[in-house]
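**Q** The structure is given below, and queries will be raised subsequently.
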Amino acid sequence: MEAFSSKGTWWLADRPDDTFAGTLNIGEDGEVRLELQGAPVPFQNFLKRDDPPVPFILGELRERHKFFGRAATLVRCWTTRMDGGFGGTGTLQEFRAERAYIGQAHLSAAAPEFRQTRLRFSGLNAWADTYTGFRSIENSFGRVWDAPELIRGPVPGAELSIGAGCDMTGGRHEVRLAEYVELTLTFPSPIGEAELDARFIYPLQNLFTLITDAPNTLTRLVVWLPGSETASYSVFAAQTYSDETEAVDQHPYKMLLPYSLIEGDAPRIFGAWLDLYARRAFPLAMYFAGRYDSPRYVDLRLQLLLQALASYTGVTATRPPPDPSVPWGFTESFPPEYRGPKTSFEMATTHPILEASFALIPLREAYTLLFGERTEDRWNRFRADVLNTLTYILLRDPAQADPPEGGTYYELAETVDLLFKVTILLSIGLDPALVEKQLRGNPQARLVKQWQSAGG
């Protein structure tokens, strides 16, 4: 998000006549901080560990926010610093707010609900490679921009539209046109902050991280309140990931699913993704957490990938493995008292090595898509390499020699990662032929093919 700072006048919602001068600072990571000259919160309260947050701090900004006015509403504000002492009033207080709403009027509820939202993500422009309003002028040096037709369609819980706009800056001798693409979600009934985050913002951020194959961040969030066409607010909040540079210039050939590959089918794909995310939120959150903040050790990354994969494929103690016909080969070395069907099943759905052995099975379709039909021996070697390496990682002795042959931690982690992503794409209804075509130019896919071919 774009950093923003403004001085203003501030007050608590229940004490509107008691005002304080202060400065609102919003960082590029969306974090909202407010410095006040004065002490709306008593110093004694600041020392209490269980002191609740201030529900509302309202303010009038001196500098109008470029999108939506001067009225700022800070929600759930925690005191982080205070200058002052007992027996006197503090001279300065600093707050960290969970969210800031900036618009033409202040919010009147601590838990607002919204009828519509508009979103931009850092990789959205790059993803929409062929969706543009620019066109050339015949026999002219210039370019013209006309708004492209909206792409609309229903998704679970909302109506989705994909559209583009254009900002113009410059003067008499220089003009710059900057196109942007954004998503609009309109809800059949108003929804609150938590539902908006869990059902739409986080899943869509993760979707763009998946299809652009680069970590994405939310760069703009605007919401509309019910009952009014003009009650709109820019929303700021701390981001789970804030680096906009990773995805902003991603080329289509590096992506897993650029817009040009699906075009008018985008709403259906988005809807299938939101439906999948509602059913697999926990394992997908585990996986994408590793994309935004990858473990510094590759052996740990491989373990986390396999854990997310096991949870995603449903290999848990509460449901059977995806392929019950697979022989229980790992249980042959168990003592006789542990070879019963129930014990074998429980071991296979809780033991990390056995869990991984079954979790890898659903990747078989993606492996075949990548390497062709005649890959049975290669697939079996790859699966054995992963399980042998995982066994070594979990049971290794620090004095033990080199890990087993069959590829480095990095090669295996990258291969599992790619196959996991392709499996997800196939599960939301993508044509395997389109996915295979896109993988031909994908840098990660080319490396994986090279490693697997070298291995046999």
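The way I read the labels, and the way they are meant: chains A, B, ... in the order of the structure tokens, residue 1 as the first residue of every chain, and ligand 1 as the first ligand shown, with later ones counted on from there.
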Could you give me the residues within segment 37-208 of chain A that DSSP places in helix (DSSP H, G or I), as a VMD selection string?

**A** chain A and resid 43 to 46 124 to 127 193 to 208

**Q** Put those residues in a file: C-alpha atoms, as a short mmCIF file (atom, residue, chain, number, x, y, z; two decimals), in the first residue's frame.

**A**
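part-v6.cif written:
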```
data_model
loop_
_atom_site.label_atom_id
_atom_site.label_comp_id
_atom_site.auth_asym_id
_atom_site.auth_seq_id
_atom_site.Cartn_x
_atom_site.Cartn_y
_atom_site.Cartn_z
CA PHE A 43 -1.57 6.62 32.47
CA GLN A 44 -2.64 4.02 35.05
CA ASN A 45 -4.65 2.17 32.38
CA PHE A 46 -1.57 1.97 30.16
CA LEU A 124 -3.26 -7.96 -10.89
CA ASN A 125 -2.06 -5.64 -13.68
CA ALA A 126 0.65 -8.09 -14.77
CA TRP A 127 -1.83 -10.99 -14.66
CA GLU A 193 -14.76 -7.32 8.45
CA ALA A 194 -13.93 -10.86 9.55
CA GLU A 195 -16.07 -12.46 6.85
CA LEU A 196 -14.67 -10.14 4.19
CA ASP A 197 -11.13 -11.11 5.16
CA ALA A 198 -11.68 -14.86 5.51
CA ARG A 199 -13.96 -15.47 2.53
CA PHE A 200 -12.60 -13.01 -0.02
CA ILE A 201 -9.48 -10.93 0.67
CA TYR A 202 -7.13 -13.66 1.90
CA PRO A 203 -8.32 -16.27 -0.64
CA LEU A 204 -8.01 -13.83 -3.55
CA GLN A 205 -4.57 -12.66 -2.46
CA ASN A 206 -3.48 -16.30 -2.34
CA LEU A 207 -5.10 -16.97 -5.72
CA PHE A 208 -3.02 -14.26 -7.37
#
```

**Q** Considering only C-alpha atoms, return as a PyMOL selection string whatever protein or nucleic-acid residues lie within 12 Å of segment 377-388 of chain A, sequence-local ones (same chain, fewer than 4 positions apart) excluded.

**A** chain A and resi 299+302-303+305-306+330+352-373+392-396+403-416+419+448-449+451-456

**Q** Calculate how many Å separate atom CA of Gly441 of chain A from atom CA of Gln250 of chain A, rounding to one decimal.

**A**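 A separation of 13.4 Å between them.
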
**Q** Using only C-alpha atoms, which of the listed residues (A:Gly192, A:Pro40, A:Pro252, A:Pro16) sits closest to Thr91 of chain A?

**A**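 Closest to Thr91 of chain A of all the choices is A:Pro40.
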
**Q** For a quick check of understanding, using only C-alpha atoms, which of A:Phe187, A:Phe288, A:Tyr277, A:Tyr297 has the smallest distance to Glu159 of chain A?

**A**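 Of A:Phe187, A:Phe288, A:Tyr277, A:Tyr297, the one nearest Glu159 of chain A, counting only C-alpha atoms, is A:Phe187.
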
**Q** Residues at most 6 Å from segment 101-116 of chain A, counting only C-alpha atoms, excluding those fewer than 3 positions away in the same chain, as an mmCIF file with C-alpha atoms, in the first residue's frame?

**A**
```
data_model
loop_
_atom_site.group_PDB
_atom_site.id
_atom_site.type_symbol
_atom_site.label_atom_id
_atom_site.label_comp_id
_atom_site.auth_asym_id
_atom_site.auth_seq_id
_atom_site.Cartn_x
_atom_site.Cartn_y
_atom_site.Cartn_z
ATOM 1 C CA PHE A 68 -11.814 9.724 -0.008
ATOM 2 C CA GLY A 69 -11.735 12.851 2.079
ATOM 3 C CA ALA A 71 -12.687 11.979 8.004
ATOM 4 C CA ALA A 72 -10.613 9.217 9.642
ATOM 5 C CA THR A 73 -11.956 6.465 11.888
ATOM 6 C CA LEU A 185 -17.327 -7.759 -5.232
ATOM 7 C CA THR A 186 -20.999 -6.977 -4.574
ATOM 8 C CA PHE A 187 -22.673 -8.941 -1.793
ATOM 9 C CA PRO A 190 -23.935 -6.909 3.971
ATOM 10 C CA ILE A 191 -20.939 -8.711 5.504
ATOM 11 C CA GLY A 192 -18.531 -7.726 8.285
ATOM 12 C CA VAL A 223 -15.597 -0.552 0.896
ATOM 13 C CA TRP A 224 -19.137 0.757 0.557
ATOM 14 C CA LEU A 225 -21.665 0.800 3.385
ATOM 15 C CA PRO A 226 -25.243 -0.390 2.825
ATOM 16 C CA TYR A 233 -14.024 4.364 2.622
ATOM 17 C CA SER A 234 -10.404 3.580 1.881
ATOM 18 C CA VAL A 235 -9.312 0.905 4.357
#
```

**Q** Which neighbours of Asp167 of chain A fall inside 12 Å, counting only C-alpha atoms, when residues of the same chain fewer than 6 positions from it are skipped, and could you give them as number ranges by chain?

**A** A: 145, 147, 175-181

**Q** Go ahead and write the selection's residues with C-alpha atoms as a PDB file, in the first residue's frame.

**A**
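Below you can see result.pdb, which holds the result:
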```
ATOM      1  CA  TRP A 145      -7.555   4.543 -23.819  1.00  0.00           C
ATOM      2  CA  ALA A 147     -12.532   1.476 -20.806  1.00  0.00           C
ATOM      3  CA  VAL A 175       1.101  13.451 -20.175  1.00  0.00           C
ATOM      4  CA  ARG A 176       1.281  10.055 -18.519  1.00  0.00           C
ATOM      5  CA  LEU A 177      -1.501   7.483 -18.659  1.00  0.00           C
ATOM      6  CA  ALA A 178      -1.396   4.637 -16.143  1.00  0.00           C
ATOM      7  CA  GLU A 179      -3.921   1.819 -16.488  1.00  0.00           C
ATOM      8  CA  TYR A 180      -4.964  -0.256 -13.491  1.00  0.00           C
ATOM      9  CA  VAL A 181      -7.102  -3.370 -13.145  1.00  0.00           C
TER      10      VAL A 181
END
```

**Q** Using DSSP on the backbone coordinates, identify all residues within segment 93-171 of chain A classified as strand (DSSP E or B); present the result as a ChimeraX atom specification.

**A** /A:93-103,113-121,134-136,143-145,151-155,158-170

**Q** Emit the selected residues as a CSV table (one decimal), in the first residue's frame, including N, CA and C atoms.

**A**
```csv
chain,number,residue,atom,x,y,z
A,93,GLN,N,1.0,10.3,23.6
A,93,GLN,CA,0.5,8.9,23.6
A,93,GLN,C,0.6,8.4,22.1
A,94,GLU,N,1.0,7.2,21.9
A,94,GLU,CA,1.1,6.6,20.6
A,94,GLU,C,0.2,5.4,20.6
A,95,PHE,N,-0.6,5.2,19.5
A,95,PHE,CA,-1.5,4.1,19.4
A,95,PHE,C,-1.2,3.3,18.1
A,96,ARG,N,-1.5,2.1,18.1
A,96,ARG,CA,-1.5,1.2,16.9
A,96,ARG,C,-2.9,0.8,16.7
A,97,ALA,N,-3.5,1.1,15.6
A,97,ALA,CA,-4.9,0.7,15.3
A,97,ALA,C,-4.9,-0.5,14.4
A,98,GLU,N,-5.9,-1.3,14.6
A,98,GLU,CA,-6.1,-2.5,13.7
A,98,GLU,C,-6.5,-2.1,12.3
A,99,ARG,N,-7.3,-1.1,12.2
A,99,ARG,CA,-7.7,-0.6,10.9
A,99,ARG,C,-8.0,0.9,10.9
A,100,ALA,N,-7.8,1.5,9.7
A,100,ALA,CA,-8.2,2.9,9.6
A,100,ALA,C,-9.1,3.0,8.4
A,101,TYR,N,-10.2,3.7,8.6
A,101,TYR,CA,-11.2,4.0,7.5
A,101,TYR,C,-11.2,5.5,7.2
A,102,ILE,N,-10.9,5.9,6.0
A,102,ILE,CA,-10.8,7.3,5.6
A,102,ILE,C,-11.9,7.5,4.5
A,103,GLY,N,-12.8,8.5,4.8
A,103,GLY,CA,-13.8,8.8,3.9
A,103,GLY,C,-14.4,10.2,4.1
A,113,GLU,N,-20.5,-3.2,8.5
A,113,GLU,CA,-20.8,-4.1,7.5
A,113,GLU,C,-20.8,-3.4,6.1
A,114,PHE,N,-20.5,-4.2,5.1
A,114,PHE,CA,-20.3,-3.6,3.8
A,114,PHE,C,-21.1,-4.3,2.7
A,115,ARG,N,-21.6,-3.6,1.8
A,115,ARG,CA,-22.4,-4.1,0.7
A,115,ARG,C,-21.5,-4.4,-0.6
A,116,GLN,N,-20.4,-3.7,-0.6
A,116,GLN,CA,-19.5,-3.8,-1.8
A,116,GLN,C,-18.1,-3.5,-1.5
A,117,THR,N,-17.1,-4.1,-2.2
A,117,THR,CA,-15.7,-3.8,-2.0
A,117,THR,C,-15.0,-3.8,-3.3
A,118,ARG,N,-13.9,-3.0,-3.4
A,118,ARG,CA,-13.1,-3.0,-4.6
A,118,ARG,C,-11.6,-3.2,-4.1
A,119,LEU,N,-11.0,-4.1,-4.9
A,119,LEU,CA,-9.7,-4.6,-4.5
A,119,LEU,C,-8.7,-4.5,-5.6
A,120,ARG,N,-7.4,-4.2,-5.2
A,120,ARG,CA,-6.3,-4.3,-6.1
A,120,ARG,C,-5.2,-5.1,-5.5
A,121,PHE,N,-4.5,-5.9,-6.3
A,121,PHE,CA,-3.4,-6.7,-5.8
A,121,PHE,C,-2.2,-6.4,-6.6
A,134,PHE,N,-6.1,0.3,-23.9
A,134,PHE,CA,-5.2,1.0,-24.8
A,134,PHE,C,-5.3,0.5,-26.2
A,135,ARG,N,-5.3,1.5,-27.1
A,135,ARG,CA,-5.2,1.1,-28.6
A,135,ARG,C,-4.4,2.2,-29.3
A,136,SER,N,-3.9,1.8,-30.4
A,136,SER,CA,-3.1,2.7,-31.2
A,136,SER,C,-4.0,3.6,-32.1
A,143,ARG,N,-1.6,7.2,-28.4
A,143,ARG,CA,-2.3,6.1,-27.9
A,143,ARG,C,-3.6,6.6,-27.3
A,144,VAL,N,-4.7,5.8,-27.4
A,144,VAL,CA,-6.0,6.2,-26.9
A,144,VAL,C,-6.4,5.1,-25.9
A,145,TRP,N,-7.0,5.5,-24.8
A,145,TRP,CA,-7.6,4.5,-23.8
A,145,TRP,C,-9.1,4.6,-23.8
A,151,ILE,N,-15.9,-7.7,-17.1
A,151,ILE,CA,-16.1,-9.1,-17.1
A,151,ILE,C,-16.8,-9.4,-15.8
A,152,ARG,N,-18.0,-10.0,-15.9
A,152,ARG,CA,-18.8,-10.3,-14.7
A,152,ARG,C,-19.2,-11.7,-14.6
A,153,GLY,N,-19.5,-12.1,-13.4
A,153,GLY,CA,-20.0,-13.4,-13.2
A,153,GLY,C,-20.2,-13.7,-11.7
A,154,PRO,N,-21.0,-14.6,-11.3
A,154,PRO,CA,-21.3,-15.0,-9.9
A,154,PRO,C,-20.1,-15.8,-9.3
A,155,VAL,N,-19.8,-15.6,-8.1
A,155,VAL,CA,-18.9,-16.4,-7.3
A,155,VAL,C,-19.6,-16.7,-6.0
A,158,ALA,N,-21.1,-13.7,-3.7
A,158,ALA,CA,-20.9,-12.4,-4.2
A,158,ALA,C,-21.1,-12.4,-5.7
A,159,GLU,N,-21.2,-11.2,-6.3
A,159,GLU,CA,-21.1,-11.0,-7.7
A,159,GLU,C,-19.8,-10.3,-8.0
A,160,LEU,N,-19.0,-11.0,-8.9
A,160,LEU,CA,-17.6,-10.5,-9.2
A,160,LEU,C,-17.6,-9.7,-10.5
A,161,SER,N,-16.9,-8.6,-10.6
A,161,SER,CA,-16.6,-8.0,-11.8
A,161,SER,C,-15.1,-7.6,-11.9
A,162,ILE,N,-14.6,-7.7,-13.0
A,162,ILE,CA,-13.2,-7.4,-13.3
A,162,ILE,C,-13.2,-6.2,-14.3
A,163,GLY,N,-12.6,-5.1,-13.9
A,163,GLY,CA,-12.6,-3.9,-14.7
A,163,GLY,C,-11.3,-3.2,-14.7
A,164,ALA,N,-11.2,-2.1,-15.5
A,164,ALA,CA,-10.0,-1.4,-15.6
A,164,ALA,C,-10.3,0.1,-15.6
A,165,GLY,N,-9.4,0.9,-15.1
A,165,GLY,CA,-9.5,2.3,-15.1
A,165,GLY,C,-8.1,2.9,-15.5
A,166,CYS,N,-8.1,4.2,-15.6
A,166,CYS,CA,-6.9,4.9,-16.1
A,166,CYS,C,-6.7,6.2,-15.4
A,167,ASP,N,-5.5,6.4,-14.8
A,167,ASP,CA,-5.1,7.7,-14.2
A,167,ASP,C,-4.3,8.5,-15.2
A,168,MET,N,-4.5,9.8,-15.2
A,168,MET,CA,-3.7,10.7,-16.1
A,168,MET,C,-3.1,11.7,-15.3
A,169,THR,N,-1.8,11.9,-15.5
A,169,THR,CA,-1.0,12.9,-14.8
A,169,THR,C,-0.1,13.6,-15.8
A,170,GLY,N,0.3,14.8,-15.5
A,170,GLY,CA,1.2,15.6,-16.4
A,170,GLY,C,0.7,17.0,-16.6
```

**Q** Using only C-alpha atoms, find the one residue out of A:Tyr241, A:Trp78, A:Tyr312, A:Phe236 that sits nearest to Thr209 of chain A.

**A**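 Using only C-alpha atoms, the shortest distance to Thr209 of chain A belongs to A:Tyr241.
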
**Q** State, in Å with one decimal place, the distance from atom CA of Arg62 of chain A to atom CA of Leu36 of chain A.

**A**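 Atom CA of Leu36 of chain A lies 14.4 Å from atom CA of Arg62 of chain A.
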
**Q** When distances are computed from only C-alpha atoms, which of A:Pro53, A:Gly8, A:Gly123, A:Pro295 shows the smallest separation from Asp243 of chain A?

**A**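 The shortest atom-to-atom distance to Asp243 of chain A comes from A:Gly123.
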
**Q** Mind checking which residues fall within 7 Å of Ile428 of chain A, counting only C-alpha atoms, ignoring those fewer than 5 positions away in the same chain, and posting them as a ChimeraX atom specification?

**A** /A:269,272-273

**Q** So which residues touch Phe56 of chain A within 8 Å, counting only C-alpha atoms, skipping near sequence neighbours fewer than 3 positions away, as a list in words?

**A** Leu12, Ala13, Thr73, Leu74, Val75, Arg76, Cys77 and Ala110 of chain A

**Q** Convert the current residue selection to file output with C-alpha atoms, as a PDB file, in the first residue's frame.

**A**
```
ATOM      1  CA  LEU A  12     -12.543   9.702  21.429  1.00  0.00           C
ATOM      2  CA  ALA A  13     -16.018   8.810  20.186  1.00  0.00           C
ATOM      3  CA  THR A  73     -11.956   6.465  11.888  1.00  0.00           C
ATOM      4  CA  LEU A  74      -9.400   4.306  13.691  1.00  0.00           C
ATOM      5  CA  VAL A  75     -10.802   1.024  15.010  1.00  0.00           C
ATOM      6  CA  ARG A  76      -9.538  -1.032  17.980  1.00  0.00           C
ATOM      7  CA  CYS A  77      -6.609   1.147  19.038  1.00  0.00           C
ATOM      8  CA  ALA A 110     -17.209  -0.559  15.764  1.00  0.00           C
TER       9      ALA A 110
END
```

**Q** What is the distance between atom CA of Val435 of chain A and atom CA of Tyr259 of chain A, in Å to one decimal?

**A**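 Distance between the two atoms: 12.7 Å.
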
**Q** Could you list, as a VMD selection string, every residue within 7 Å of Tyr287 of chain A, counting only C-alpha atoms and ignoring same-chain residues fewer than 4 positions away?

**A** chain A and resid 283 291 305 308
